[in-house]
file coords-v3.pdb (PDB, C-alpha atoms and all ligand atoms)
MODEL        1
ATOM      1  CA  MET A 565      -0.615 -26.140   1.011  1.00  0.00           C
ATOM      2  CA  LYS A 566      -3.474 -23.655   0.927  1.00  0.00           C
ATOM      3  CA  ALA A 567      -6.834 -23.935   2.698  1.00  0.00           C
ATOM      4  CA  VAL A 568      -9.763 -21.689   1.891  1.00  0.00           C
ATOM      5  CA  CYS A 569     -12.316 -21.580   4.710  1.00  0.00           C
ATOM      6  CA  ILE A 570     -15.762 -20.350   3.721  1.00  0.00           C
ATOM      7  CA  ILE A 571     -18.031 -19.250   6.553  1.00  0.00           C
ATOM      8  CA  GLY A 572     -21.512 -19.640   5.113  1.00  0.00           C
ATOM      9  CA  SER A 573     -23.237 -17.913   8.026  1.00  0.00           C
ATOM     10  CA  PRO A 574     -24.325 -14.267   7.684  1.00  0.00           C
ATOM     11  CA  ASN A 575     -22.478 -13.774  11.004  1.00  0.00           C
ATOM     12  CA  GLU A 576     -18.774 -13.234  10.377  1.00  0.00           C
ATOM     13  CA  TYR A 577     -18.013 -13.893  14.054  1.00  0.00           C
ATOM     14  CA  GLY A 578     -21.020 -16.035  14.958  1.00  0.00           C
ATOM     15  CA  ASN A 579     -21.272 -19.618  16.154  1.00  0.00           C
ATOM     16  CA  THR A 580     -20.373 -21.250  12.844  1.00  0.00           C
ATOM     17  CA  ALA A 581     -17.351 -18.962  12.533  1.00  0.00           C
ATOM     18  CA  PHE A 582     -16.321 -19.873  16.093  1.00  0.00           C
ATOM     19  CA  VAL A 583     -16.113 -23.567  15.164  1.00  0.00           C
ATOM     20  CA  VAL A 584     -14.298 -22.767  11.911  1.00  0.00           C
ATOM     21  CA  ASP A 585     -11.808 -20.652  13.854  1.00  0.00           C
ATOM     22  CA  GLN A 586     -10.924 -23.645  16.067  1.00  0.00           C
ATOM     23  CA  ILE A 587     -10.086 -25.623  12.913  1.00  0.00           C
ATOM     24  CA  ILE A 588      -8.108 -22.660  11.558  1.00  0.00           C
ATOM     25  CA  ASP A 589      -6.166 -22.408  14.851  1.00  0.00           C
ATOM     26  CA  GLY A 590      -5.181 -26.052  14.332  1.00  0.00           C
ATOM     27  CA  MET A 591      -4.236 -25.474  10.687  1.00  0.00           C
ATOM     28  CA  ILE A 592      -1.983 -22.523  11.440  1.00  0.00           C
ATOM     29  CA  GLU A 593       0.024 -24.630  13.904  1.00  0.00           C
ATOM     30  CA  THR A 594       1.145 -26.470  10.764  1.00  0.00           C
ATOM     31  CA  ASP A 595       2.432 -24.906   7.575  1.00  0.00           C
ATOM     32  CA  ILE A 596      -0.982 -24.639   5.933  1.00  0.00           C
ATOM     33  CA  LYS A 597      -1.673 -21.199   4.483  1.00  0.00           C
ATOM     34  CA  VAL A 598      -5.206 -20.215   5.465  1.00  0.00           C
ATOM     35  CA  GLU A 599      -7.649 -17.836   3.847  1.00  0.00           C
ATOM     36  CA  ARG A 600     -10.778 -17.141   5.954  1.00  0.00           C
ATOM     37  CA  LEU A 601     -13.739 -15.801   4.006  1.00  0.00           C
ATOM     38  CA  ALA A 602     -17.156 -14.814   5.347  1.00  0.00           C
ATOM     39  CA  LEU A 603     -19.925 -14.914   2.750  1.00  0.00           C
ATOM     40  CA  GLY A 604     -21.963 -12.491   4.879  1.00  0.00           C
ATOM     41  CA  LYS A 605     -19.376  -9.774   4.188  1.00  0.00           C
ATOM     42  CA  MET A 606     -19.350 -10.325   0.450  1.00  0.00           C
ATOM     43  CA  GLU A 607     -21.495  -9.089  -2.386  1.00  0.00           C
ATOM     44  CA  ILE A 608     -22.767 -12.240  -4.065  1.00  0.00           C
ATOM     45  CA  ASN A 609     -25.966 -11.816  -6.029  1.00  0.00           C
ATOM     46  CA  TYR A 610     -28.513 -14.528  -6.756  1.00  0.00           C
ATOM     47  CA  CYS A 611     -27.970 -16.827  -9.715  1.00  0.00           C
ATOM     48  CA  GLN A 612     -30.367 -15.610 -12.417  1.00  0.00           C
ATOM     49  CA  GLY A 613     -30.767 -19.083 -13.900  1.00  0.00           C
ATOM     50  CA  CYS A 614     -29.918 -17.714 -17.387  1.00  0.00           C
ATOM     51  CA  LYS A 615     -27.528 -20.644 -18.049  1.00  0.00           C
ATOM     52  CA  ILE A 616     -25.283 -18.397 -20.174  1.00  0.00           C
ATOM     53  CA  CYS A 617     -22.348 -19.788 -18.167  1.00  0.00           C
ATOM     54  CA  ASP A 618     -23.096 -23.194 -19.797  1.00  0.00           C
ATOM     55  CA  THR A 619     -21.311 -21.903 -22.880  1.00  0.00           C
ATOM     56  CA  THR A 620     -19.216 -18.973 -21.635  1.00  0.00           C
ATOM     57  CA  ARG A 621     -18.096 -20.658 -18.381  1.00  0.00           C
ATOM     58  CA  ARG A 622     -18.447 -17.261 -16.755  1.00  0.00           C
ATOM     59  CA  CYS A 623     -21.349 -15.623 -14.959  1.00  0.00           C
ATOM     60  CA  VAL A 624     -22.825 -12.496 -16.583  1.00  0.00           C
ATOM     61  CA  GLN A 625     -22.831 -10.771 -13.187  1.00  0.00           C
ATOM     62  CA  ARG A 626     -19.785  -8.927 -11.833  1.00  0.00           C
ATOM     63  CA  ASP A 627     -19.509  -9.119  -8.065  1.00  0.00           C
ATOM     64  CA  ASP A 628     -17.334 -10.781  -5.411  1.00  0.00           C
ATOM     65  CA  MET A 629     -17.939 -14.202  -6.966  1.00  0.00           C
ATOM     66  CA  ASP A 630     -15.315 -13.455  -9.657  1.00  0.00           C
ATOM     67  CA  ALA A 631     -12.503 -13.311  -7.106  1.00  0.00           C
ATOM     68  CA  LEU A 632     -14.012 -16.067  -4.984  1.00  0.00           C
ATOM     69  CA  ILE A 633     -14.040 -18.574  -7.841  1.00  0.00           C
ATOM     70  CA  LYS A 634     -10.344 -17.861  -8.520  1.00  0.00           C
ATOM     71  CA  THR A 635      -9.606 -18.271  -4.804  1.00  0.00           C
ATOM     72  CA  ILE A 636     -11.274 -21.673  -4.528  1.00  0.00           C
ATOM     73  CA  GLU A 637      -9.681 -22.843  -7.785  1.00  0.00           C
ATOM     74  CA  ASP A 638      -6.259 -22.167  -6.235  1.00  0.00           C
ATOM     75  CA  ALA A 639      -6.995 -23.942  -2.939  1.00  0.00           C
ATOM     76  CA  ASP A 640      -5.813 -27.436  -1.998  1.00  0.00           C
ATOM     77  CA  ILE A 641      -8.362 -27.710   0.811  1.00  0.00           C
ATOM     78  CA  LEU A 642     -11.839 -26.217   0.771  1.00  0.00           C
ATOM     79  CA  LEU A 643     -13.635 -25.893   4.102  1.00  0.00           C
ATOM     80  CA  VAL A 644     -17.321 -25.015   3.837  1.00  0.00           C
ATOM     81  CA  ALA A 645     -19.330 -24.230   6.972  1.00  0.00           C
ATOM     82  CA  SER A 646     -22.952 -23.383   7.616  1.00  0.00           C
ATOM     83  CA  PRO A 647     -25.421 -23.029  10.453  1.00  0.00           C
ATOM     84  CA  SER A 648     -28.616 -25.010  10.135  1.00  0.00           C
ATOM     85  CA  TYR A 649     -31.256 -22.560   8.965  1.00  0.00           C
ATOM     86  CA  TRP A 650     -34.613 -24.294   8.612  1.00  0.00           C
ATOM     87  CA  GLY A 651     -32.781 -27.598   8.602  1.00  0.00           C
ATOM     88  CA  ASN A 652     -30.727 -26.588   5.600  1.00  0.00           C
ATOM     89  CA  VAL A 653     -27.706 -24.471   4.659  1.00  0.00           C
ATOM     90  CA  SER A 654     -27.905 -20.691   5.079  1.00  0.00           C
ATOM     91  CA  GLY A 655     -29.280 -18.598   2.221  1.00  0.00           C
ATOM     92  CA  GLN A 656     -25.816 -17.086   1.739  1.00  0.00           C
ATOM     93  CA  LEU A 657     -24.267 -20.516   1.220  1.00  0.00           C
ATOM     94  CA  LYS A 658     -27.011 -21.666  -1.133  1.00  0.00           C
ATOM     95  CA  VAL A 659     -26.474 -18.566  -3.308  1.00  0.00           C
ATOM     96  CA  PHE A 660     -22.732 -19.315  -3.341  1.00  0.00           C
ATOM     97  CA  PHE A 661     -23.465 -22.909  -4.458  1.00  0.00           C
ATOM     98  CA  ASP A 662     -25.772 -21.658  -7.231  1.00  0.00           C
ATOM     99  CA  ARG A 663     -23.180 -19.176  -8.445  1.00  0.00           C
ATOM    100  CA  CYS A 664     -20.625 -21.984  -8.802  1.00  0.00           C
ATOM    101  CA  LEU A 665     -22.555 -23.241 -11.841  1.00  0.00           C
ATOM    102  CA  PRO A 666     -19.816 -22.056 -14.269  1.00  0.00           C
ATOM    103  CA  LEU A 667     -17.657 -24.742 -12.613  1.00  0.00           C
ATOM    104  CA  PHE A 668     -19.948 -27.573 -13.663  1.00  0.00           C
ATOM    105  CA  ASP A 669     -21.448 -28.774 -16.936  1.00  0.00           C
ATOM    106  CA  PRO A 670     -25.039 -29.760 -16.148  1.00  0.00           C
ATOM    107  CA  ARG A 671     -25.539 -31.469 -19.557  1.00  0.00           C
ATOM    108  CA  SER A 672     -22.633 -33.896 -19.285  1.00  0.00           C
ATOM    109  CA  GLY A 673     -22.506 -33.932 -15.479  1.00  0.00           C
ATOM    110  CA  GLN A 674     -18.788 -33.198 -15.762  1.00  0.00           C
ATOM    111  CA  THR A 675     -16.999 -30.892 -13.389  1.00  0.00           C
ATOM    112  CA  ARG A 676     -14.974 -27.989 -14.773  1.00  0.00           C
ATOM    113  CA  PHE A 677     -13.218 -27.508 -11.452  1.00  0.00           C
ATOM    114  CA  PRO A 678      -9.528 -28.389 -10.971  1.00  0.00           C
ATOM    115  CA  GLN A 679      -9.353 -31.868  -9.403  1.00  0.00           C
ATOM    116  CA  GLY A 680      -7.445 -33.279  -6.420  1.00  0.00           C
ATOM    117  CA  LYS A 681      -8.909 -31.016  -3.763  1.00  0.00           C
ATOM    118  CA  ALA A 682      -9.924 -32.093  -0.272  1.00  0.00           C
ATOM    119  CA  GLY A 683     -13.112 -30.893   1.400  1.00  0.00           C
ATOM    120  CA  ILE A 684     -14.117 -30.297   5.014  1.00  0.00           C
ATOM    121  CA  ALA A 685     -17.774 -29.775   5.935  1.00  0.00           C
ATOM    122  CA  VAL A 686     -18.853 -28.008   9.134  1.00  0.00           C
ATOM    123  CA  ALA A 687     -22.365 -27.578  10.523  1.00  0.00           C
ATOM    124  CA  VAL A 688     -23.762 -25.932  13.651  1.00  0.00           C
ATOM    125  CA  SER A 689     -27.350 -26.197  14.861  1.00  0.00           C
ATOM    126  CA  ALA A 690     -29.424 -25.016  17.798  1.00  0.00           C
ATOM    127  CA  SER A 691     -31.346 -28.251  17.933  1.00  0.00           C
ATOM    128  CA  ALA A 692     -29.793 -31.192  19.728  1.00  0.00           C
ATOM    129  CA  ASP A 693     -31.322 -33.418  17.042  1.00  0.00           C
ATOM    130  CA  ALA A 694     -28.412 -34.687  14.931  1.00  0.00           C
ATOM    131  CA  THR A 695     -30.526 -34.813  11.755  1.00  0.00           C
ATOM    132  CA  GLU A 696     -30.531 -30.968  11.681  1.00  0.00           C
ATOM    133  CA  SER A 697     -26.793 -30.647  11.104  1.00  0.00           C
ATOM    134  CA  ALA A 698     -26.625 -33.943   9.181  1.00  0.00           C
ATOM    135  CA  ASN A 699     -28.789 -32.353   6.487  1.00  0.00           C
ATOM    136  CA  VAL A 700     -26.399 -29.428   6.280  1.00  0.00           C
ATOM    137  CA  ILE A 701     -23.386 -31.732   5.930  1.00  0.00           C
ATOM    138  CA  LYS A 702     -25.234 -33.691   3.247  1.00  0.00           C
ATOM    139  CA  ALA A 703     -25.877 -30.498   1.239  1.00  0.00           C
ATOM    140  CA  ILE A 704     -22.244 -29.360   1.531  1.00  0.00           C
ATOM    141  CA  GLU A 705     -20.858 -32.782   0.566  1.00  0.00           C
ATOM    142  CA  ARG A 706     -23.263 -32.987  -2.353  1.00  0.00           C
ATOM    143  CA  PHE A 707     -21.765 -29.713  -3.580  1.00  0.00           C
ATOM    144  CA  PHE A 708     -18.288 -31.219  -3.102  1.00  0.00           C
ATOM    145  CA  GLY A 709     -19.418 -34.238  -5.134  1.00  0.00           C
ATOM    146  CA  TYR A 710     -20.504 -32.124  -8.124  1.00  0.00           C
ATOM    147  CA  LEU A 711     -17.121 -30.412  -8.193  1.00  0.00           C
ATOM    148  CA  GLY A 712     -15.071 -33.569  -7.616  1.00  0.00           C
ATOM    149  CA  ILE A 713     -13.823 -32.431  -4.206  1.00  0.00           C
ATOM    150  CA  THR A 714     -13.033 -35.378  -1.913  1.00  0.00           C
ATOM    151  CA  PRO A 715     -14.652 -35.020   1.528  1.00  0.00           C
ATOM    152  CA  ILE A 716     -11.982 -35.846   4.103  1.00  0.00           C
ATOM    153  CA  GLN A 717     -13.390 -34.477   7.347  1.00  0.00           C
ATOM    154  CA  ARG A 718     -16.694 -33.309   8.738  1.00  0.00           C
ATOM    155  CA  ILE A 719     -17.793 -31.951  12.077  1.00  0.00           C
ATOM    156  CA  THR A 720     -21.180 -31.019  13.493  1.00  0.00           C
ATOM    157  CA  ILE A 721     -21.902 -29.268  16.761  1.00  0.00           C
ATOM    158  CA  GLU A 722     -25.500 -29.454  17.923  1.00  0.00           C
ATOM    159  CA  GLY A 723     -27.289 -27.611  20.695  1.00  0.00           C
ATOM    160  CA  VAL A 724     -25.762 -24.192  19.986  1.00  0.00           C
ATOM    161  CA  TYR A 725     -28.203 -21.320  19.681  1.00  0.00           C
ATOM    162  CA  ALA A 726     -25.984 -18.659  21.220  1.00  0.00           C
ATOM    163  CA  LYS A 727     -22.261 -18.355  22.078  1.00  0.00           C
ATOM    164  CA  GLU A 728     -22.761 -19.399  25.716  1.00  0.00           C
ATOM    165  CA  ASP A 729     -24.067 -22.771  24.514  1.00  0.00           C
ATOM    166  CA  PHE A 730     -20.474 -23.728  23.685  1.00  0.00           C
ATOM    167  CA  VAL A 731     -19.860 -24.004  27.439  1.00  0.00           C
ATOM    168  CA  GLY A 732     -19.609 -27.713  28.191  1.00  0.00           C
ATOM    169  CA  LYS A 733     -18.761 -28.483  24.559  1.00  0.00           C
ATOM    170  CA  GLU A 734     -15.006 -28.004  24.962  1.00  0.00           C
ATOM    171  CA  GLU A 735     -14.339 -31.559  23.791  1.00  0.00           C
ATOM    172  CA  ARG A 736     -16.118 -30.918  20.495  1.00  0.00           C
ATOM    173  CA  LEU A 737     -14.193 -27.665  20.044  1.00  0.00           C
ATOM    174  CA  ASP A 738     -10.964 -29.546  20.715  1.00  0.00           C
ATOM    175  CA  GLU A 739     -12.029 -32.083  18.093  1.00  0.00           C
ATOM    176  CA  ALA A 740     -12.408 -29.180  15.648  1.00  0.00           C
ATOM    177  CA  PHE A 741      -8.910 -27.902  16.549  1.00  0.00           C
ATOM    178  CA  ARG A 742      -7.483 -31.398  15.981  1.00  0.00           C
ATOM    179  CA  ILE A 743      -9.088 -31.651  12.555  1.00  0.00           C
ATOM    180  CA  GLY A 744      -7.039 -28.597  11.557  1.00  0.00           C
ATOM    181  CA  LEU A 745      -3.911 -29.767  13.362  1.00  0.00           C
ATOM    182  CA  ASN A 746      -3.882 -33.259  11.833  1.00  0.00           C
ATOM    183  CA  LEU A 747      -4.851 -32.267   8.330  1.00  0.00           C
ATOM    184  CA  VAL A 748      -1.386 -32.349   6.780  1.00  0.00           C
ATOM    185  CA  LYS A 749      -0.756 -35.793   8.265  1.00  0.00           C
ATOM    186  CA  GLN A 750      -4.113 -37.017   7.026  1.00  0.00           C
ATOM    187  CA  LEU A 751      -3.475 -35.737   3.510  1.00  0.00           C
ATOM    188  CA  ASP A 752       0.022 -37.297   3.486  1.00  0.00           C
ATOM    189  CA  PHE A 753      -1.549 -40.676   4.260  1.00  0.00           C
ATOM    190  CA  ARG A 754      -3.978 -40.141   1.412  1.00  0.00           C
ATOM    191  CA  ASN A 755      -1.182 -39.603  -1.144  1.00  0.00           C
TER     192      ASN A 755
HETATM  193  C1  LIG A 801     -33.176 -18.014  10.108  1.00  0.00           C
HETATM  194  C2  LIG A 801     -32.739 -19.039  11.102  1.00  0.00           C
HETATM  195  C3  LIG A 801     -33.202 -20.326  10.984  1.00  0.00           C
HETATM  196  C4  LIG A 801     -32.784 -21.323  11.873  1.00  0.00           C
HETATM  197  N1  LIG A 801     -33.233 -22.599  11.705  1.00  0.00           N
HETATM  198  C5  LIG A 801     -32.756 -23.562  12.523  1.00  0.00           C
HETATM  199  C6  LIG A 801     -33.142 -24.923  12.321  1.00  0.00           C
HETATM  200  O1  LIG A 801     -33.918 -25.251  11.435  1.00  0.00           O
HETATM  201  N2  LIG A 801     -32.630 -25.860  13.150  1.00  0.00           N
HETATM  202  C7  LIG A 801     -31.760 -25.544  14.169  1.00  0.00           C
HETATM  203  O2  LIG A 801     -31.328 -26.438  14.878  1.00  0.00           O
HETATM  204  N3  LIG A 801     -31.380 -24.279  14.370  1.00  0.00           N
HETATM  205  C8  LIG A 801     -31.849 -23.275  13.582  1.00  0.00           C
HETATM  206  N4  LIG A 801     -31.441 -21.975  13.774  1.00  0.00           N
HETATM  207  C9  LIG A 801     -30.471 -21.670  14.858  1.00  0.00           C
HETATM  208  C10 LIG A 801     -29.040 -21.626  14.335  1.00  0.00           C
HETATM  209  O3  LIG A 801     -28.699 -22.799  13.623  1.00  0.00           O
HETATM  210  C11 LIG A 801     -28.074 -21.459  15.500  1.00  0.00           C
HETATM  211  O4  LIG A 801     -28.432 -20.355  16.295  1.00  0.00           O
HETATM  212  C12 LIG A 801     -26.632 -21.324  15.035  1.00  0.00           C
HETATM  213  O5  LIG A 801     -25.783 -21.491  16.144  1.00  0.00           O
HETATM  214  C13 LIG A 801     -26.401 -19.973  14.385  1.00  0.00           C
HETATM  215  O6  LIG A 801     -25.085 -19.908  13.872  1.00  0.00           O
HETATM  216  P1  LIG A 801     -24.476 -18.517  13.368  1.00  0.00           P
HETATM  217  O7  LIG A 801     -24.132 -17.709  14.605  1.00  0.00           O
HETATM  218  O8  LIG A 801     -23.282 -18.877  12.574  1.00  0.00           O
HETATM  219  O9  LIG A 801     -25.537 -17.846  12.544  1.00  0.00           O
HETATM  220  C14 LIG A 801     -31.881 -20.981  12.917  1.00  0.00           C
HETATM  221  C15 LIG A 801     -31.431 -19.659  13.045  1.00  0.00           C
HETATM  222  C16 LIG A 801     -31.855 -18.699  12.149  1.00  0.00           C
HETATM  223  C17 LIG A 801     -31.311 -17.277  12.275  1.00  0.00           C
ENDMDL
END

call {"tool": "encode", "arguments": {"input": "coords-v3.pdb", "output": "structure tokens"}}
result
Amino acid sequence: MKAVCIIGSPNEYGNTAFVVDQIIDGMIETDIKVERLALGKMEINYCQGCKICDTTRRCVQRDDMDALIKTIEDADILLVASPSYWGNVSGQLKVFFDRCLPLFDPRSGQTRFPQGKAGIAVAVSASADATESANVIKAIERFFGYLGITPIQRITIEGVYAKEDFVGKEERLDEAFRIGLNLVKQLDFRN
């Protein structure tokens, strides 16, 4: 079983990545093969809105999105994580979503993405207000919905502006670890 974990933050080792890494630590205790990808390290240009991919099913731009689309097509589990930036997903993640348009037919509303995948959504916010990260989760799960990915787990950690804010949130981090650890069991129950 293969999990692709997409860190939507520009910070490869920032707060969002820290939460994702707890989940990954749990996953690698099982026999899940994990690929950790940080959008901030990748060259992914803006969608130009040309809609040529409607017919060609391929973007006209050549950048890291070519390999990334293949990688997510091969995954069984797709984890998508983002910090709350202005109460929404990061710019990097939004550009990634836009560039996934070749995987969806906007006219028919049909996905062109291989089916049967499970999705995990992760959000981190500085605000203690749960609506901040809830909006992020909503955006990620909406993306899952367009592609026919079944959301199976989600986690939000609020009140984290800087790394030291994780102090006192060990229970939430343990919850993240357990999401990764129990994933195989959870997916077995689903089948
Ligand atoms: C451009 C920007 C916008 C932000 N907007 C919000 C926001 O609207 N709500 C919030 O709770 N935190 C906001 N934050 C704080 C981040 O969500 C928080 O610091 C998070 O832990 C950063 O995660 P990262 O290290 O993965 O980037 C913002 C941070 C930045 C850099």

call {"tool": "closest_residue", "arguments": {"input": "coords-v3.pdb", "among": "A:Phe668, A:Tyr610, A:Phe582, A:Phe677", "to": "ligand LIG 801 (chain A)", "atoms": "all atoms listed in the file"}}
result
A:Phe582

call {"tool": "closest_residue", "arguments": {"input": "coords-v3.pdb", "among": "A:Arg600, A:Lys749, A:Lys566, A:Arg663", "to": "A:Ile633", "atoms": "all atoms listed in the file"}}
result
A:Arg663

call {"tool": "residues_around", "arguments": {"input": "coords-v3.pdb", "residues": "stretch 611-614 of chain A", "least_positions_apart": "2", "cutoff": "9 Å", "atoms": "all atoms listed in the file", "output": "list of chain:residue names"}}
result
A:Ile608, A:Asn609, A:Ile616, A:Cys617, A:Cys623, A:Val624, A:Gln625, A:Val659, A:Phe660, A:Asp662, A:Arg663, A:Leu665

call {"tool": "residues_near_ligand", "arguments": {"input": "coords-v3.pdb", "ligand": "ligand LIG 801 (chain A)", "cutoff": "12 Å", "atoms": "all atoms listed in the file", "output": "PyMOL selection string"}}
result
chain A and resi 570-585+602-604+645-657+686-700+720-730

call {"tool": "resolve_selection", "arguments": {"input": "coords-v3.pdb", "expression": "the PyMOL selection byres (((chain A and resi 710) around 12) and not hetatm)", "output": "VMD selection string"}}
result
chain A and resid 661 to 662 664 to 670 672 to 679 703 to 709 711 to 715

call {"tool": "axis_aligned_box", "arguments": {"input": "coords-v3.pdb", "around": "stretch 726-738 of chain A", "padding_each_side": "3 Å", "output": "JSON"}}
result
{"center_x": -18.5, "center_y": -25.0, "center_z": 24.1, "size_x": 21.0, "size_y": 19.2, "size_z": 14.1}

call {"tool": "atom_distance", "arguments": {"input": "coords-v3.pdb", "atom1": "atom CA of A:Thr620", "atom2": "atom CA of A:Ile636"}}
result
19.1 Å

call {"tool": "resolve_selection", "arguments": {"input": "coords-v3.pdb", "expression": "the PyMOL selection byres (((chain A and resi 586) around 12) and not hetatm)", "output": "ChimeraX atom specification"}}
result
/A:569,579-585,587-593,686,719,734-745

call {"tool": "closest_residue", "arguments": {"input": "coords-v3.pdb", "among": "A:Met629, A:Leu747, A:Ile716, A:Ile684", "to": "A:Met565", "atoms": "all atoms listed in the file"}}
result
A:Leu747

call {"tool": "closest_residue", "arguments": {"input": "coords-v3.pdb", "among": "A:Arg718, A:Arg626, A:Arg671, A:Lys597", "to": "A:Asp640", "atoms": "all atoms listed in the file"}}
result
A:Lys597

call {"tool": "closest_residue", "arguments": {"input": "coords-v3.pdb", "among": "A:Leu642, A:Ala685, A:Ala567, A:Thr619", "to": "A:Asp595", "atoms": "all atoms listed in the file"}}
result
A:Ala567

call {"tool": "decode", "arguments": {"input": "coords-v3.pdb", "residues": "stretch 659-670 of chain A", "atoms": "N, CA and C atoms", "output": "mmCIF file, in the first residue's frame"}}
result
data_model
loop_
_atom_site.group_PDB
_atom_site.id
_atom_site.type_symbol
_atom_site.label_atom_id
_atom_site.label_comp_id
_atom_site.auth_asym_id
_atom_site.auth_seq_id
_atom_site.Cartn_x
_atom_site.Cartn_y
_atom_site.Cartn_z
ATOM 1 N N VAL A 659 -2.503 26.339 -6.089
ATOM 2 C CA VAL A 659 -1.950 26.180 -7.451
ATOM 3 C C VAL A 659 -1.914 24.692 -7.824
ATOM 4 N N PHE A 660 -1.535 23.850 -6.859
ATOM 5 C CA PHE A 660 -1.550 22.400 -7.107
ATOM 6 C C PHE A 660 -2.969 21.938 -7.474
ATOM 7 N N PHE A 661 -3.972 22.386 -6.710
ATOM 8 C CA PHE A 661 -5.363 22.007 -7.027
ATOM 9 C C PHE A 661 -5.695 22.424 -8.461
ATOM 10 N N ASP A 662 -5.387 23.688 -8.795
ATOM 11 C CA ASP A 662 -5.730 24.193 -10.136
ATOM 12 C C ASP A 662 -5.073 23.349 -11.225
ATOM 13 N N ARG A 663 -3.833 22.965 -10.973
ATOM 14 C CA ARG A 663 -3.083 22.220 -11.995
ATOM 15 C C ARG A 663 -3.535 20.755 -12.096
ATOM 16 N N CYS A 664 -4.430 20.343 -11.224
ATOM 17 C CA CYS A 664 -4.996 18.988 -11.334
ATOM 18 C C CYS A 664 -6.184 18.966 -12.296
ATOM 19 N N LEU A 665 -6.451 20.066 -12.965
ATOM 20 C CA LEU A 665 -7.611 20.115 -13.870
ATOM 21 C C LEU A 665 -7.607 19.018 -14.947
ATOM 22 N N PRO A 666 -6.431 18.611 -15.476
ATOM 23 C CA PRO A 666 -6.464 17.504 -16.452
ATOM 24 C C PRO A 666 -7.097 16.222 -15.893
ATOM 25 N N LEU A 667 -7.225 16.150 -14.563
ATOM 26 C CA LEU A 667 -7.779 14.938 -13.941
ATOM 27 C C LEU A 667 -9.290 15.000 -13.781
ATOM 28 N N PHE A 668 -9.902 16.038 -14.315
ATOM 29 C CA PHE A 668 -11.333 16.245 -14.099
ATOM 30 C C PHE A 668 -11.938 16.839 -15.364
ATOM 31 N N ASP A 669 -13.155 16.394 -15.693
ATOM 32 C CA ASP A 669 -13.842 16.947 -16.860
ATOM 33 C C ASP A 669 -14.906 17.943 -16.378
ATOM 34 N N PRO A 670 -14.618 19.242 -16.482
ATOM 35 C CA PRO A 670 -15.548 20.217 -15.924
ATOM 36 C C PRO A 670 -16.913 20.233 -16.623
#
